[in-house]
$ cat entry.cif   # mmCIF, C-alpha atoms, pLDDT in the B column; chains and numbers go by the auth columns
data_structure
loop_
_atom_site.group_PDB
_atom_site.id
_atom_site.type_symbol
_atom_site.label_atom_id
_atom_site.label_comp_id
_atom_site.label_asym_id
_atom_site.label_seq_id
_atom_site.Cartn_x
_atom_site.Cartn_y
_atom_site.Cartn_z
_atom_site.B_iso_or_equiv
_atom_site.auth_seq_id
_atom_site.auth_asym_id
ATOM 1 C CA MET A 1 0.000 0.000 0.000 81.00 138 A
ATOM 2 C CA LYS A 2 1.119 3.512 -0.692 92.00 139 A
ATOM 3 C CA ILE A 3 -0.053 6.944 0.308 97.00 140 A
ATOM 4 C CA ILE A 4 -2.729 8.398 -1.948 97.00 141 A
ATOM 5 C CA THR A 5 -2.079 11.957 -3.021 97.00 142 A
ATOM 6 C CA PHE A 6 -4.363 14.828 -3.935 94.00 143 A
ATOM 7 C CA PRO A 7 -6.388 15.156 -6.216 93.00 144 A
ATOM 8 C CA ASN A 8 -7.509 11.504 -5.724 96.00 145 A
ATOM 9 C CA LYS A 9 -11.252 11.736 -4.964 96.00 146 A
ATOM 10 C CA ILE A 10 -11.168 9.320 -1.981 96.00 147 A
ATOM 11 C CA LEU A 11 -9.462 12.101 -0.010 97.00 148 A
ATOM 12 C CA LYS A 12 -12.590 14.252 -0.388 97.00 149 A
ATOM 13 C CA GLU A 13 -15.067 11.569 0.750 97.00 150 A
ATOM 14 C CA LYS A 14 -16.366 11.111 4.290 98.00 151 A
ATOM 15 C CA THR A 15 -15.218 7.783 5.725 98.00 152 A
ATOM 16 C CA GLU A 16 -17.497 5.051 7.049 98.00 153 A
ATOM 17 C CA GLU A 17 -17.792 3.930 10.653 98.00 154 A
ATOM 18 C CA VAL A 18 -15.966 0.741 11.601 98.00 155 A
ATOM 19 C CA LYS A 19 -18.683 -1.758 12.586 97.00 156 A
ATOM 20 C CA GLU A 20 -16.408 -4.526 13.888 97.00 157 A
ATOM 21 C CA ILE A 21 -12.808 -4.424 15.036 97.00 158 A
ATOM 22 C CA ASN A 22 -11.657 -7.701 13.529 97.00 159 A
ATOM 23 C CA LYS A 23 -8.385 -9.203 12.332 97.00 160 A
ATOM 24 C CA GLU A 24 -8.482 -7.175 9.096 97.00 161 A
ATOM 25 C CA VAL A 25 -8.893 -3.871 10.980 98.00 162 A
ATOM 26 C CA LYS A 26 -6.023 -4.749 13.323 98.00 163 A
ATOM 27 C CA GLU A 27 -3.807 -5.645 10.350 98.00 164 A
ATOM 28 C CA LEU A 28 -4.772 -2.373 8.620 98.00 165 A
ATOM 29 C CA VAL A 29 -3.754 -0.383 11.712 98.00 166 A
ATOM 30 C CA LYS A 30 -0.414 -2.209 11.814 98.00 167 A
ATOM 31 C CA ILE A 31 0.191 -1.323 8.147 98.00 168 A
ATOM 32 C CA MET A 32 -0.881 2.301 8.731 98.00 169 A
ATOM 33 C CA LYS A 33 1.624 2.701 11.580 98.00 170 A
ATOM 34 C CA GLN A 34 4.387 1.283 9.406 97.00 171 A
ATOM 35 C CA ILE A 35 3.543 3.516 6.409 97.00 172 A
ATOM 36 C CA MET A 36 3.333 6.606 8.638 97.00 173 A
ATOM 37 C CA GLN A 37 6.750 5.922 10.152 96.00 174 A
ATOM 38 C CA GLU A 38 8.391 5.023 6.825 96.00 175 A
ATOM 39 C CA ASN A 39 7.232 8.390 5.453 96.00 176 A
ATOM 40 C CA ASN A 40 8.270 10.393 8.546 95.00 177 A
ATOM 41 C CA GLY A 41 4.679 11.375 9.266 96.00 178 A
ATOM 42 C CA VAL A 42 3.024 12.072 12.597 97.00 179 A
ATOM 43 C CA GLY A 43 -0.485 11.041 11.530 98.00 180 A
ATOM 44 C CA LEU A 44 -2.201 8.929 8.899 98.00 181 A
ATOM 45 C CA ALA A 45 -5.890 8.378 8.150 98.00 182 A
ATOM 46 C CA ALA A 46 -7.172 5.158 6.556 98.00 183 A
ATOM 47 C CA ASN A 47 -8.467 6.975 3.466 98.00 184 A
ATOM 48 C CA GLN A 48 -4.917 8.182 2.797 98.00 185 A
ATOM 49 C CA ILE A 49 -4.078 4.587 1.876 98.00 186 A
ATOM 50 C CA GLY A 50 -7.350 3.917 0.061 97.00 187 A
ATOM 51 C CA LYS A 51 -9.461 2.456 2.877 97.00 188 A
ATOM 52 C CA ASN A 52 -12.807 4.166 3.437 97.00 189 A
ATOM 53 C CA LEU A 53 -12.848 3.646 7.212 98.00 190 A
ATOM 54 C CA ALA A 54 -12.959 6.017 10.198 98.00 191 A
ATOM 55 C CA ILE A 55 -9.514 5.128 11.549 98.00 192 A
ATOM 56 C CA PHE A 56 -6.352 7.139 12.065 98.00 193 A
ATOM 57 C CA VAL A 57 -3.037 6.741 13.805 98.00 194 A
ATOM 58 C CA ALA A 58 -1.044 9.564 15.398 98.00 195 A
ATOM 59 C CA GLU A 59 2.438 9.731 16.893 97.00 196 A
ATOM 60 C CA ASP A 60 3.304 12.060 19.733 94.00 197 A
ATOM 61 C CA LYS A 61 6.307 11.864 22.055 91.00 198 A
ATOM 62 C CA ASN A 62 7.354 8.480 20.589 91.00 199 A
ATOM 63 C CA LYS A 63 3.953 6.919 21.312 95.00 200 A
ATOM 64 C CA ILE A 64 1.622 5.859 18.522 97.00 201 A
ATOM 65 C CA HIS A 65 -2.072 6.218 19.269 97.00 202 A
ATOM 66 C CA THR A 66 -4.844 4.421 17.372 98.00 203 A
ATOM 67 C CA PHE A 67 -8.237 6.104 17.003 98.00 204 A
ATOM 68 C CA ILE A 68 -11.233 4.174 15.632 98.00 205 A
ATOM 69 C CA ASN A 69 -14.555 5.960 14.993 98.00 206 A
ATOM 70 C CA PRO A 70 -13.207 9.163 16.566 98.00 207 A
ATOM 71 C CA LYS A 71 -15.241 12.267 17.339 98.00 208 A
ATOM 72 C CA ILE A 72 -14.026 15.523 18.814 98.00 209 A
ATOM 73 C CA VAL A 73 -16.511 16.328 21.567 98.00 210 A
ATOM 74 C CA LYS A 74 -14.965 19.589 22.746 98.00 211 A
ATOM 75 C CA PHE A 75 -12.584 22.234 21.457 98.00 212 A
ATOM 76 C CA ILE A 76 -10.704 24.061 24.208 98.00 213 A
ATOM 77 C CA GLY A 77 -9.071 27.464 24.074 98.00 214 A
ATOM 78 C CA LYS A 78 -8.828 30.043 21.346 98.00 215 A
ATOM 79 C CA GLU A 79 -7.834 29.054 17.820 98.00 216 A
ATOM 80 C CA GLU A 80 -4.178 29.654 17.020 98.00 217 A
ATOM 81 C CA ILE A 81 -2.395 29.892 13.681 98.00 218 A
ATOM 82 C CA VAL A 82 -0.261 26.796 13.097 98.00 219 A
ATOM 83 C CA GLU A 83 1.806 25.432 10.233 97.00 220 A
ATOM 84 C CA GLU A 84 0.874 22.110 8.632 97.00 221 A
ATOM 85 C CA GLY A 85 1.838 19.753 5.884 97.00 222 A
ATOM 86 C CA CYS A 86 0.339 16.446 4.778 98.00 223 A
ATOM 87 C CA LEU A 87 1.639 13.158 3.407 97.00 224 A
ATOM 88 C CA SER A 88 -1.099 13.316 0.756 98.00 225 A
ATOM 89 C CA LEU A 89 0.056 16.787 -0.361 97.00 226 A
ATOM 90 C CA PRO A 90 3.807 16.378 -0.791 95.00 227 A
ATOM 91 C CA LYS A 91 5.903 19.552 -0.698 95.00 228 A
ATOM 92 C CA ILE A 92 2.889 21.725 0.203 97.00 229 A
ATOM 93 C CA TRP A 93 2.651 23.543 3.527 96.00 230 A
ATOM 94 C CA GLY A 94 0.336 26.148 4.886 97.00 231 A
ATOM 95 C CA TYR A 95 -0.944 28.163 7.802 98.00 232 A
ATOM 96 C CA LEU A 96 -4.366 27.566 9.313 98.00 233 A
ATOM 97 C CA LYS A 97 -6.231 27.882 12.591 98.00 234 A
ATOM 98 C CA ARG A 98 -6.453 25.005 15.060 98.00 235 A
ATOM 99 C CA TYR A 99 -7.538 24.763 18.678 98.00 236 A
ATOM 100 C CA PRO A 100 -4.742 24.199 21.224 98.00 237 A
ATOM 101 C CA GLU A 101 -6.688 21.460 23.054 98.00 238 A
ATOM 102 C CA VAL A 102 -9.416 18.951 22.208 98.00 239 A
ATOM 103 C CA ILE A 103 -11.353 16.217 23.923 98.00 240 A
ATOM 104 C CA ILE A 104 -11.846 13.194 21.686 98.00 241 A
ATOM 105 C CA GLU A 105 -13.983 10.079 22.066 98.00 242 A
ATOM 106 C CA TYR A 106 -12.979 6.967 20.135 98.00 243 A
ATOM 107 C CA GLN A 107 -12.567 3.204 20.281 98.00 244 A
ATOM 108 C CA ASN A 108 -9.232 1.510 20.772 97.00 245 A
ATOM 109 C CA LEU A 109 -8.020 -1.637 18.971 95.00 246 A
ATOM 110 C CA PHE A 110 -9.932 -3.789 21.461 95.00 247 A
ATOM 111 C CA GLY A 111 -13.228 -1.984 20.805 95.00 248 A
ATOM 112 C CA LYS A 112 -13.182 -0.240 24.174 97.00 249 A
ATOM 113 C CA LYS A 113 -14.691 3.262 24.195 98.00 250 A
ATOM 114 C CA LYS A 114 -12.152 5.829 25.355 98.00 251 A
ATOM 115 C CA LYS A 115 -11.941 9.549 25.970 98.00 252 A
ATOM 116 C CA MET A 116 -8.755 11.613 25.763 98.00 253 A
ATOM 117 C CA ARG A 117 -7.831 15.218 26.362 98.00 254 A
ATOM 118 C CA ALA A 118 -5.033 16.194 23.992 98.00 255 A
ATOM 119 C CA LYS A 119 -3.094 19.415 23.734 97.00 256 A
ATOM 120 C CA GLY A 120 -0.320 20.880 21.648 96.00 257 A
ATOM 121 C CA LEU A 121 0.949 18.863 18.708 97.00 258 A
ATOM 122 C CA LEU A 122 -1.274 15.850 19.448 98.00 259 A
ATOM 123 C CA ALA A 123 -4.382 18.080 19.454 98.00 260 A
ATOM 124 C CA GLN A 124 -3.284 19.524 16.116 98.00 261 A
ATOM 125 C CA ILE A 125 -2.696 16.054 14.623 98.00 262 A
ATOM 126 C CA ILE A 126 -6.108 14.867 15.845 98.00 263 A
ATOM 127 C CA GLN A 127 -7.864 17.830 14.201 98.00 264 A
ATOM 128 C CA HIS A 128 -5.924 17.291 10.955 98.00 265 A
ATOM 129 C CA GLU A 129 -6.708 13.555 10.817 98.00 266 A
ATOM 130 C CA ILE A 130 -10.386 13.971 11.712 98.00 267 A
ATOM 131 C CA ASP A 131 -10.580 16.458 8.850 98.00 268 A
ATOM 132 C CA HIS A 132 -9.259 13.655 6.611 98.00 269 A
ATOM 133 C CA LEU A 133 -11.969 11.299 7.885 98.00 270 A
ATOM 134 C CA ASN A 134 -14.533 13.981 6.977 98.00 271 A
ATOM 135 C CA GLY A 135 -13.118 14.411 3.465 98.00 272 A
ATOM 136 C CA GLU A 136 -11.373 17.714 4.196 98.00 273 A
ATOM 137 C CA LEU A 137 -7.759 18.648 3.563 98.00 274 A
ATOM 138 C CA PHE A 138 -5.769 21.275 5.424 98.00 275 A
ATOM 139 C CA ILE A 139 -5.579 23.340 2.219 97.00 276 A
ATOM 140 C CA ASP A 140 -9.395 23.660 2.379 96.00 277 A
ATOM 141 C CA LYS A 141 -9.001 25.655 5.621 96.00 278 A
ATOM 142 C CA ALA A 142 -5.632 27.272 5.034 97.00 279 A
ATOM 143 C CA ILE A 143 -5.058 30.992 5.371 97.00 280 A
ATOM 144 C CA GLU A 144 -1.965 30.709 3.199 97.00 281 A
ATOM 145 C CA VAL A 145 -0.478 27.805 1.226 97.00 282 A
ATOM 146 C CA PHE A 146 3.000 27.527 -0.199 95.00 283 A
ATOM 147 C CA LYS A 147 5.021 24.977 -2.136 95.00 284 A
ATOM 148 C CA ILE A 148 8.462 23.816 -1.091 87.00 285 A
ATOM 149 C CA GLU A 149 10.845 23.516 -4.021 80.00 286 A
#

$ encode --input "entry.cif" --output "structure tokens"
Amino acid sequence: MKIITFPNKILKEKTEEVKEINKEVKELVKIMKQIMQENNGVGLAANQIGKNLAIFVAEDKNKIHTFINPKIVKFIGKEEIVEEGCLSLPKIWGYLKRYPEVIIEYQNLFGKKKKMRAKGLLAQIIQHEIDHLNGELFIDKAIEVFKIE
């Protein structure tokens, strides 16, 4: 599997809820973690590798988190301007607004419902990846976009 890049239409489609966390889902998550790390990313959504499922992985402080059927239930603080890039938009960066903290509800790999309060980089990654699951790219919200030569 490889990372799908824009303008592939799957990146603009809302993903489907995971109904059952089975062997295939667990294998997909394992592959997603590997692809994210091989490409020096900090987050990867399932639709970025062609799977229309509400799953993403995120790395923060050398820990990889798995989020299945995630929903941000609360945004905390005042939006701040941050810089972002995306594995599906190689060599493109931009500035956009993100909240400094979020509370997210999700399922883990064992199907257990969890809640997490994330701040800083992890909060930013979560917002970016949930945008992916909703068919949105950071360039859709960017204040300014630029290309790295």

$ atom_distance --input "entry.cif" --atom1 "atom CA of Pro227 of chain A" --atom2 "atom CA of Pro144 of chain A"
11.6 Å

$ resolve_selection --input "entry.cif" --expression "the PyMOL selection byres ((chain A and resi 264) around 12)" --output "PyMOL selection string"
chain A and resi 180-182+193+195+207-212+216+219+221+233-241+255-263+265-271+273-275+278

$ write_last_selection --input "entry.cif" --atoms "C-alpha atoms" --output "compact mmCIF listing (two decimals), in the coordinates of the input"
# COMPACT_ATOMS: atom_id res chain seq x y z
CA GLY A 180 -0.48 11.04 11.53
CA LEU A 181 -2.20 8.93 8.90
CA ALA A 182 -5.89 8.38 8.15
CA PHE A 193 -6.35 7.14 12.06
CA ALA A 195 -1.04 9.56 15.40
CA PRO A 207 -13.21 9.16 16.57
CA LYS A 208 -15.24 12.27 17.34
CA ILE A 209 -14.03 15.52 18.81
CA VAL A 210 -16.51 16.33 21.57
CA LYS A 211 -14.96 19.59 22.75
CA PHE A 212 -12.58 22.23 21.46
CA GLU A 216 -7.83 29.05 17.82
CA VAL A 219 -0.26 26.80 13.10
CA GLU A 221 0.87 22.11 8.63
CA LEU A 233 -4.37 27.57 9.31
CA LYS A 234 -6.23 27.88 12.59
CA ARG A 235 -6.45 25.00 15.06
CA TYR A 236 -7.54 24.76 18.68
CA PRO A 237 -4.74 24.20 21.22
CA GLU A 238 -6.69 21.46 23.05
CA VAL A 239 -9.42 18.95 22.21
CA ILE A 240 -11.35 16.22 23.92
CA ILE A 241 -11.85 13.19 21.69
CA ALA A 255 -5.03 16.19 23.99
CA LYS A 256 -3.09 19.42 23.73
CA GLY A 257 -0.32 20.88 21.65
CA LEU A 258 0.95 18.86 18.71
CA LEU A 259 -1.27 15.85 19.45
CA ALA A 260 -4.38 18.08 19.45
CA GLN A 261 -3.28 19.52 16.12
CA ILE A 262 -2.70 16.05 14.62
CA ILE A 263 -6.11 14.87 15.84
CA HIS A 265 -5.92 17.29 10.96
CA GLU A 266 -6.71 13.56 10.82
CA ILE A 267 -10.39 13.97 11.71
CA ASP A 268 -10.58 16.46 8.85
CA HIS A 269 -9.26 13.66 6.61
CA LEU A 270 -11.97 11.30 7.88
CA ASN A 271 -14.53 13.98 6.98
CA GLU A 273 -11.37 17.71 4.20
CA LEU A 274 -7.76 18.65 3.56
CA PHE A 275 -5.77 21.28 5.42
CA LYS A 278 -9.00 25.66 5.62

$ resolve_selection --input "entry.cif" --expression "the PyMOL selection byres ((chain A and resi 150-164) around 10)" --output "VMD selection string"
chain A and resid 145 to 149 165 to 169 182 to 184 188 to 192 205 to 207 244 to 248 267 to 273

$ closest_residue --input "entry.cif" --among "A:Glu286, A:Glu281, A:Glu196, A:Glu175" --to "Gly231 of chain A" --atoms "all atoms listed in the file"
A:Glu281

$ atom_distance --input "entry.cif" --atom1 "atom CA of Glu220 of chain A" --atom2 "atom CA of Thr142 of chain A"
19.3 Å

$ resolve_selection --input "entry.cif" --expression "the PyMOL selection byres ((chain A and resi 139) around 9)" --output "short mmCIF file (atom, residue, chain, number, x, y, z; two decimals) with C-alpha atoms, in the frame of the given file"
data_model
loop_
_atom_site.label_atom_id
_atom_site.label_comp_id
_atom_site.auth_asym_id
_atom_site.auth_seq_id
_atom_site.Cartn_x
_atom_site.Cartn_y
_atom_site.Cartn_z
CA MET A 138 0.00 0.00 0.00
CA ILE A 140 -0.05 6.94 0.31
CA ILE A 141 -2.73 8.40 -1.95
CA ILE A 172 3.54 3.52 6.41
CA GLN A 185 -4.92 8.18 2.80
CA ILE A 186 -4.08 4.59 1.88
CA GLY A 187 -7.35 3.92 0.06
#

$ closest_residue --input "entry.cif" --among "A:Val194, A:Ile285, A:Lys215, A:Lys249" --to "Gln171 of chain A" --atoms "only C-alpha atoms"
A:Val194

$ atom_distance --input "entry.cif" --atom1 "atom CA of Ile201 of chain A" --atom2 "atom CA of Phe283 of chain A"
28.7 Å

$ closest_residue --input "entry.cif" --among "A:Met253, A:Ile229, A:Ile280, A:Leu224" --to "Phe204 of chain A" --atoms "only C-alpha atoms"
A:Met253

$ decode --input "entry.cif" --residues "segment 223-238 of chain A" --atoms "N, CA and C atoms" --output "mmCIF file, in the first residue's frame"
data_model
loop_
_atom_site.group_PDB
_atom_site.id
_atom_site.type_symbol
_atom_site.label_atom_id
_atom_site.label_comp_id
_atom_site.auth_asym_id
_atom_site.auth_seq_id
_atom_site.Cartn_x
_atom_site.Cartn_y
_atom_site.Cartn_z
ATOM 1 N N CYS A 223 1.134 17.666 4.861
ATOM 2 C CA CYS A 223 0.339 16.446 4.778
ATOM 3 C C CYS A 223 1.027 15.455 3.850
ATOM 4 N N LEU A 224 1.031 14.191 4.244
ATOM 5 C CA LEU A 224 1.639 13.158 3.407
ATOM 6 C C LEU A 224 0.926 13.027 2.063
ATOM 7 N N SER A 225 -0.338 13.397 2.013
ATOM 8 C CA SER A 225 -1.099 13.316 0.756
ATOM 9 C C SER A 225 -0.932 14.560 -0.122
ATOM 10 N N LEU A 226 -0.227 15.553 0.387
ATOM 11 C CA LEU A 226 0.056 16.787 -0.361
ATOM 12 C C LEU A 226 1.558 17.055 -0.274
ATOM 13 N N PRO A 227 2.358 16.225 -0.933
ATOM 14 C CA PRO A 227 3.807 16.378 -0.791
ATOM 15 C C PRO A 227 4.298 17.760 -1.220
ATOM 16 N N LYS A 228 5.237 18.269 -0.438
ATOM 17 C CA LYS A 228 5.903 19.552 -0.698
ATOM 18 C C LYS A 228 4.968 20.756 -0.628
ATOM 19 N N ILE A 229 3.813 20.599 0.020
ATOM 20 C CA ILE A 229 2.889 21.725 0.203
ATOM 21 C C ILE A 229 2.704 21.927 1.708
ATOM 22 N N TRP A 230 2.840 23.169 2.130
ATOM 23 C CA TRP A 230 2.651 23.543 3.527
ATOM 24 C C TRP A 230 1.717 24.727 3.579
ATOM 25 N N GLY A 231 1.191 24.990 4.762
ATOM 26 C CA GLY A 231 0.336 26.148 4.886
ATOM 27 C C GLY A 231 0.081 26.523 6.325
ATOM 28 N N TYR A 232 -0.549 27.662 6.484
ATOM 29 C CA TYR A 232 -0.944 28.163 7.802
ATOM 30 C C TYR A 232 -2.459 28.091 7.903
ATOM 31 N N LEU A 233 -2.930 27.625 9.060
ATOM 32 C CA LEU A 233 -4.366 27.566 9.313
ATOM 33 C C LEU A 233 -4.613 27.661 10.802
ATOM 34 N N LYS A 234 -5.882 27.765 11.179
ATOM 35 C CA LYS A 234 -6.231 27.882 12.591
ATOM 36 C C LYS A 234 -6.640 26.523 13.153
ATOM 37 N N ARG A 235 -6.104 26.221 14.319
ATOM 38 C CA ARG A 235 -6.453 25.005 15.060
ATOM 39 C C ARG A 235 -6.592 25.368 16.544
ATOM 40 N N TYR A 236 -7.391 24.577 17.235
ATOM 41 C CA TYR A 236 -7.538 24.763 18.678
ATOM 42 C C TYR A 236 -6.350 24.127 19.404
ATOM 43 N N PRO A 237 -5.901 24.737 20.515
ATOM 44 C CA PRO A 237 -4.742 24.199 21.224
ATOM 45 C C PRO A 237 -5.032 22.920 22.013
ATOM 46 N N GLU A 238 -6.313 22.671 22.319
ATOM 47 C CA GLU A 238 -6.688 21.460 23.054
ATOM 48 C C GLU A 238 -8.016 20.927 22.531
#
